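**Student:** Following this line is coords_6.pdb, made up of PDB, C-alpha atoms:
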ATOM      1  CA  PHE A 108       0.000   0.000   0.000
ATOM      2  CA  PRO A 109       2.732   2.573   0.772
ATOM      3  CA  SER A 110       4.396   1.567  -2.504
ATOM      4  CA  GLN A 111       1.259   2.739  -4.337
ATOM      5  CA  LEU A 112       1.647   6.142  -2.705
ATOM      6  CA  LEU A 113       5.236   6.245  -3.972
ATOM      7  CA  GLU A 114       3.971   5.190  -7.402
ATOM      8  CA  ALA A 115       1.580   8.148  -7.400
ATOM      9  CA  GLU A 116       4.354  10.536  -6.345
ATOM     10  CA  THR A 117       6.700   9.223  -9.043
ATOM     11  CA  MET A 118       4.010   9.486 -11.716
ATOM     12  CA  ARG A 119       3.199  13.008 -10.579
ATOM     13  CA  ASN A 120       6.815  14.066 -11.032
ATOM     14  CA  ILE A 121       6.933  12.522 -14.507
ATOM     15  CA  PHE A 122       3.792  14.321 -15.711
ATOM     16  CA  MET A 123       4.226  17.607 -13.839
ATOM     17  CA  ASN A 124       4.124  20.686 -16.102
ATOM     18  CA  ASN A 125       4.200  18.554 -19.239
ATOM     19  CA  TYR A 126       1.024  19.338 -21.150
ATOM     20  CA  HIS A 127       1.947  17.130 -24.101
ATOM     21  CA  LEU A 128       2.592  14.094 -21.908
ATOM     22  CA  CYS A 129      -0.607  14.661 -19.909
ATOM     23  CA  ASN A 130      -2.520  14.769 -23.178
ATOM     24  CA  GLU A 131      -1.050  11.384 -24.151
ATOM     25  CA  ILE A 132      -1.776   9.556 -20.874
ATOM     26  CA  SER A 133      -3.912   6.467 -21.321
ATOM     27  CA  ASP A 134      -7.387   6.345 -19.834
ATOM     28  CA  ARG A 135      -6.352   3.190 -18.002
ATOM     29  CA  VAL A 136      -3.685   5.009 -16.006
ATOM     30  CA  VAL A 137      -6.121   7.738 -14.975
ATOM     31  CA  GLN A 138      -8.731   5.118 -14.073
ATOM     32  CA  HIS A 139      -6.139   3.263 -11.979
ATOM     33  CA  PHE A 140      -5.509   6.300  -9.780
ATOM     34  CA  VAL A 141      -9.196   7.157  -9.479
ATOM     35  CA  HIS A 142      -9.707   3.545  -8.374
ATOM     36  CA  CYS A 143      -6.897   3.953  -5.805
ATOM     37  CA  VAL A 144      -8.772   6.912  -4.315
ATOM     38  CA  GLU A 145     -11.981   4.873  -4.190
ATOM     39  CA  THR A 146     -10.237   1.850  -2.645
ATOM     40  CA  HIS A 147      -7.651   3.367  -0.314
ATOM     41  CA  GLY A 148      -9.165   6.759   0.446
ATOM     42  CA  ARG A 149      -8.318  10.306  -0.507
ATOM     43  CA  HIS A 150      -4.592  10.221   0.125
ATOM     44  CA  VAL A 151      -2.790  13.412  -0.795
ATOM     45  CA  GLU A 152      -0.480  11.601  -3.236
ATOM     46  CA  TYR A 153      -3.361  10.278  -5.360
ATOM     47  CA  LEU A 154      -5.160  13.606  -5.380
ATOM     48  CA  ARG A 155      -1.990  15.523  -6.251
ATOM     49  CA  PHE A 156      -1.356  13.194  -9.188
ATOM     50  CA  LEU A 157      -4.894  13.707 -10.505
ATOM     51  CA  GLN A 158      -4.523  17.463  -9.987
ATOM     52  CA  THR A 159      -1.254  17.408 -11.926
ATOM     53  CA  ILE A 160      -2.685  15.682 -14.990
ATOM     54  CA  VAL A 161      -5.837  17.808 -15.341
ATOM     55  CA  LYS A 162      -3.842  21.055 -15.604
ATOM     56  CA  ALA A 163      -0.300  21.372 -16.943
ATOM     57  CA  ASP A 164       1.746  24.366 -18.077
ATOM     58  CA  GLY A 165      -1.153  26.582 -17.001
ATOM     59  CA  LYS A 166      -3.497  24.882 -19.485
ATOM     60  CA  TYR A 167      -6.372  22.560 -18.742
ATOM     61  CA  VAL A 168      -6.096  19.037 -20.149
ATOM     62  CA  LYS A 169      -9.674  18.391 -21.243
ATOM     63  CA  LYS A 170      -9.061  14.706 -22.011
ATOM     64  CA  CYS A 171      -7.869  14.017 -18.462
ATOM     65  CA  GLN A 172     -10.620  16.120 -16.925
ATOM     66  CA  ASP A 173     -13.212  14.097 -18.821
ATOM     67  CA  VAL A 174     -11.764  10.746 -17.738
ATOM     68  CA  VAL A 175     -11.516  11.786 -14.076
ATOM     69  CA  MET A 176     -15.093  13.086 -14.091
ATOM     70  CA  THR A 177     -16.574   9.986 -15.748
ATOM     71  CA  GLU A 178     -14.916   7.573 -13.321
TER      72      GLU A 178
END
Hey, can you dump this file as structure tokens for me?
**Tutor:**
Amino acid sequence: FPSQLLEAETMRNIFMNNYHLCNEISDRVVQHFVHCVETHGRHVEYLRFLQTIVKADGKYVKKCQDVVMTE
């Protein structure tokens, strides 16, 4: 379980401020982290990752917003 929090932190650092990469993220990855929130609770690491991918470089990533909202 703590390793999943580290996974979220690592992923956050990879996607942070990279609009292009956030736009390319697969729905499955986003769904995985939404599922982590549902299963393990609203840990800061999961929420920060989701926050990071819905807005990057000051621009909103519509694709990610849509996936997060539909989950």
**Student:** Lys162 of chain A: which residues within 12 Å, counting all atoms listed in the file, same-chain residues fewer than 2 positions away excluded, as a PDB file with C-alpha atoms, in the frame of the given file?
**Tutor:**
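Written out: result_13.pdb:
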ATOM      1  CA  ARG A 119       3.199  13.008 -10.579  1.00  0.00           C
ATOM      2  CA  PHE A 122       3.792  14.321 -15.711  1.00  0.00           C
ATOM      3  CA  MET A 123       4.226  17.607 -13.839  1.00  0.00           C
ATOM      4  CA  ASN A 124       4.124  20.686 -16.102  1.00  0.00           C
ATOM      5  CA  ASN A 125       4.200  18.554 -19.239  1.00  0.00           C
ATOM      6  CA  TYR A 126       1.024  19.338 -21.150  1.00  0.00           C
ATOM      7  CA  HIS A 127       1.947  17.130 -24.101  1.00  0.00           C
ATOM      8  CA  LEU A 128       2.592  14.094 -21.908  1.00  0.00           C
ATOM      9  CA  CYS A 129      -0.607  14.661 -19.909  1.00  0.00           C
ATOM     10  CA  ASN A 130      -2.520  14.769 -23.178  1.00  0.00           C
ATOM     11  CA  ARG A 155      -1.990  15.523  -6.251  1.00  0.00           C
ATOM     12  CA  PHE A 156      -1.356  13.194  -9.188  1.00  0.00           C
ATOM     13  CA  LEU A 157      -4.894  13.707 -10.505  1.00  0.00           C
ATOM     14  CA  GLN A 158      -4.523  17.463  -9.987  1.00  0.00           C
ATOM     15  CA  THR A 159      -1.254  17.408 -11.926  1.00  0.00           C
ATOM     16  CA  ILE A 160      -2.685  15.682 -14.990  1.00  0.00           C
ATOM     17  CA  ASP A 164       1.746  24.366 -18.077  1.00  0.00           C
ATOM     18  CA  GLY A 165      -1.153  26.582 -17.001  1.00  0.00           C
ATOM     19  CA  LYS A 166      -3.497  24.882 -19.485  1.00  0.00           C
ATOM     20  CA  TYR A 167      -6.372  22.560 -18.742  1.00  0.00           C
ATOM     21  CA  VAL A 168      -6.096  19.037 -20.149  1.00  0.00           C
ATOM     22  CA  LYS A 169      -9.674  18.391 -21.243  1.00  0.00           C
ATOM     23  CA  LYS A 170      -9.061  14.706 -22.011  1.00  0.00           C
ATOM     24  CA  CYS A 171      -7.869  14.017 -18.462  1.00  0.00           C
ATOM     25  CA  GLN A 172     -10.620  16.120 -16.925  1.00  0.00           C
TER      26      GLN A 172
END
**Student:** Just how far from atom CA of Ala115 of chain A is atom CA of Glu131 of chain A, in Å to one decimal?
**Tutor:**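 One can read the atom CA of Glu131 of chain A to atom CA of Ala115 of chain A distance as 17.3 Å.
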**Student:** List the residues selected by the PyMOL selection byres ((chain A and resi 109-114) around 8) in the file shown, writing them as a ChimeraX atom specification.
**Tutor:** /A:108,115-118,150,152-153
**Student:** For the file shown, what are the residues hit by the PyMOL selection byres ((chain A and resi 134) around 10), laid out as a list in words?
**Tutor:** Glu131, Ile132, Ser133, Arg135, Val136, Val137, Gln138, His139, Lys170, Cys171, Asp173, Val174 and Val175 of chain A
**Student:** Print the selection's residues with C-alpha atoms to a file, as a compact mmCIF listing (two decimals), in the frame of the given file.
**Tutor:**
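For reference, result_3.txt as written:
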# COMPACT_ATOMS: atom_id res chain seq x y z
CA GLU A 131 -1.05 11.38 -24.15
CA ILE A 132 -1.78 9.56 -20.87
CA SER A 133 -3.91 6.47 -21.32
CA ARG A 135 -6.35 3.19 -18.00
CA VAL A 136 -3.68 5.01 -16.01
CA VAL A 137 -6.12 7.74 -14.98
CA GLN A 138 -8.73 5.12 -14.07
CA HIS A 139 -6.14 3.26 -11.98
CA LYS A 170 -9.06 14.71 -22.01
CA CYS A 171 -7.87 14.02 -18.46
CA ASP A 173 -13.21 14.10 -18.82
CA VAL A 174 -11.76 10.75 -17.74
CA VAL A 175 -11.52 11.79 -14.08
**Student:** Can you tell me, as lines of an AutoDock Vina configuration file, the centre and edge lengths (Å, one decimal) of the axis-aligned box enclosing all of segment 132-135 of chain A's listed atoms after padding each side by 8 Å?
**Tutor:**
center_x = -4.6
center_y = 6.4
center_z = -19.7
size_x = 21.6
size_y = 22.4
size_z = 19.3
**Student:** Which residue out of A:Glu145, A:Asn120, A:Ala163, A:Leu154 has the minimum interatomic distance to Glu178 of chain A when all atoms listed in the file are used?
**Tutor:**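 When distances to Glu178 of chain A are compared using all atoms listed in the file, the smallest one comes from A:Glu145.
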**Student:** Mind filling out segment 154-168 of chain A with N, CA and C atoms and sending it as a PDB file, keeping the file's coordinate frame?
**Tutor:**
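Okay, this is what ended up in part17.pdb:
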ATOM      1  N   LEU A 154      -4.473  12.379  -4.977  1.00  0.00           N
ATOM      2  CA  LEU A 154      -5.160  13.606  -5.380  1.00  0.00           C
ATOM      3  C   LEU A 154      -4.208  14.564  -6.087  1.00  0.00           C
ATOM      4  N   ARG A 155      -2.981  14.649  -5.598  1.00  0.00           N
ATOM      5  CA  ARG A 155      -1.990  15.523  -6.251  1.00  0.00           C
ATOM      6  C   ARG A 155      -1.687  15.047  -7.664  1.00  0.00           C
ATOM      7  N   PHE A 156      -1.599  13.720  -7.844  1.00  0.00           N
ATOM      8  CA  PHE A 156      -1.356  13.194  -9.188  1.00  0.00           C
ATOM      9  C   PHE A 156      -2.500  13.590 -10.116  1.00  0.00           C
ATOM     10  N   LEU A 157      -3.734  13.369  -9.672  1.00  0.00           N
ATOM     11  CA  LEU A 157      -4.894  13.707 -10.505  1.00  0.00           C
ATOM     12  C   LEU A 157      -4.937  15.202 -10.792  1.00  0.00           C
ATOM     13  N   GLN A 158      -4.584  16.010  -9.798  1.00  0.00           N
ATOM     14  CA  GLN A 158      -4.523  17.463  -9.987  1.00  0.00           C
ATOM     15  C   GLN A 158      -3.489  17.818 -11.053  1.00  0.00           C
ATOM     16  N   THR A 159      -2.362  17.136 -11.005  1.00  0.00           N
ATOM     17  CA  THR A 159      -1.254  17.408 -11.926  1.00  0.00           C
ATOM     18  C   THR A 159      -1.639  17.128 -13.373  1.00  0.00           C
ATOM     19  N   ILE A 160      -2.383  16.058 -13.601  1.00  0.00           N
ATOM     20  CA  ILE A 160      -2.685  15.682 -14.990  1.00  0.00           C
ATOM     21  C   ILE A 160      -3.871  16.436 -15.587  1.00  0.00           C
ATOM     22  N   VAL A 161      -4.700  17.075 -14.770  1.00  0.00           N
ATOM     23  CA  VAL A 161      -5.837  17.808 -15.341  1.00  0.00           C
ATOM     24  C   VAL A 161      -5.466  19.243 -15.718  1.00  0.00           C
ATOM     25  N   LYS A 162      -4.309  19.717 -15.236  1.00  0.00           N
ATOM     26  CA  LYS A 162      -3.842  21.055 -15.604  1.00  0.00           C
ATOM     27  C   LYS A 162      -2.322  21.050 -15.630  1.00  0.00           C
ATOM     28  N   ALA A 163      -1.756  21.367 -16.789  1.00  0.00           N
ATOM     29  CA  ALA A 163      -0.300  21.372 -16.943  1.00  0.00           C
ATOM     30  C   ALA A 163       0.118  22.595 -17.746  1.00  0.00           C
ATOM     31  N   ASP A 164       1.241  23.162 -17.393  1.00  0.00           N
ATOM     32  CA  ASP A 164       1.746  24.366 -18.077  1.00  0.00           C
ATOM     33  C   ASP A 164       0.697  25.474 -18.108  1.00  0.00           C
ATOM     34  N   GLY A 165      -0.131  25.542 -17.076  1.00  0.00           N
ATOM     35  CA  GLY A 165      -1.153  26.582 -17.001  1.00  0.00           C
ATOM     36  C   GLY A 165      -2.352  26.348 -17.910  1.00  0.00           C
ATOM     37  N   LYS A 166      -2.388  25.193 -18.576  1.00  0.00           N
ATOM     38  CA  LYS A 166      -3.497  24.882 -19.485  1.00  0.00           C
ATOM     39  C   LYS A 166      -4.258  23.673 -18.961  1.00  0.00           C
ATOM     40  N   TYR A 167      -5.558  23.697 -19.156  1.00  0.00           N
ATOM     41  CA  TYR A 167      -6.372  22.560 -18.742  1.00  0.00           C
ATOM     42  C   TYR A 167      -6.275  21.447 -19.768  1.00  0.00           C
ATOM     43  N   VAL A 168      -6.184  20.212 -19.279  1.00  0.00           N
ATOM     44  CA  VAL A 168      -6.096  19.037 -20.149  1.00  0.00           C
ATOM     45  C   VAL A 168      -7.482  18.403 -20.168  1.00  0.00           C
TER      46      VAL A 168
END
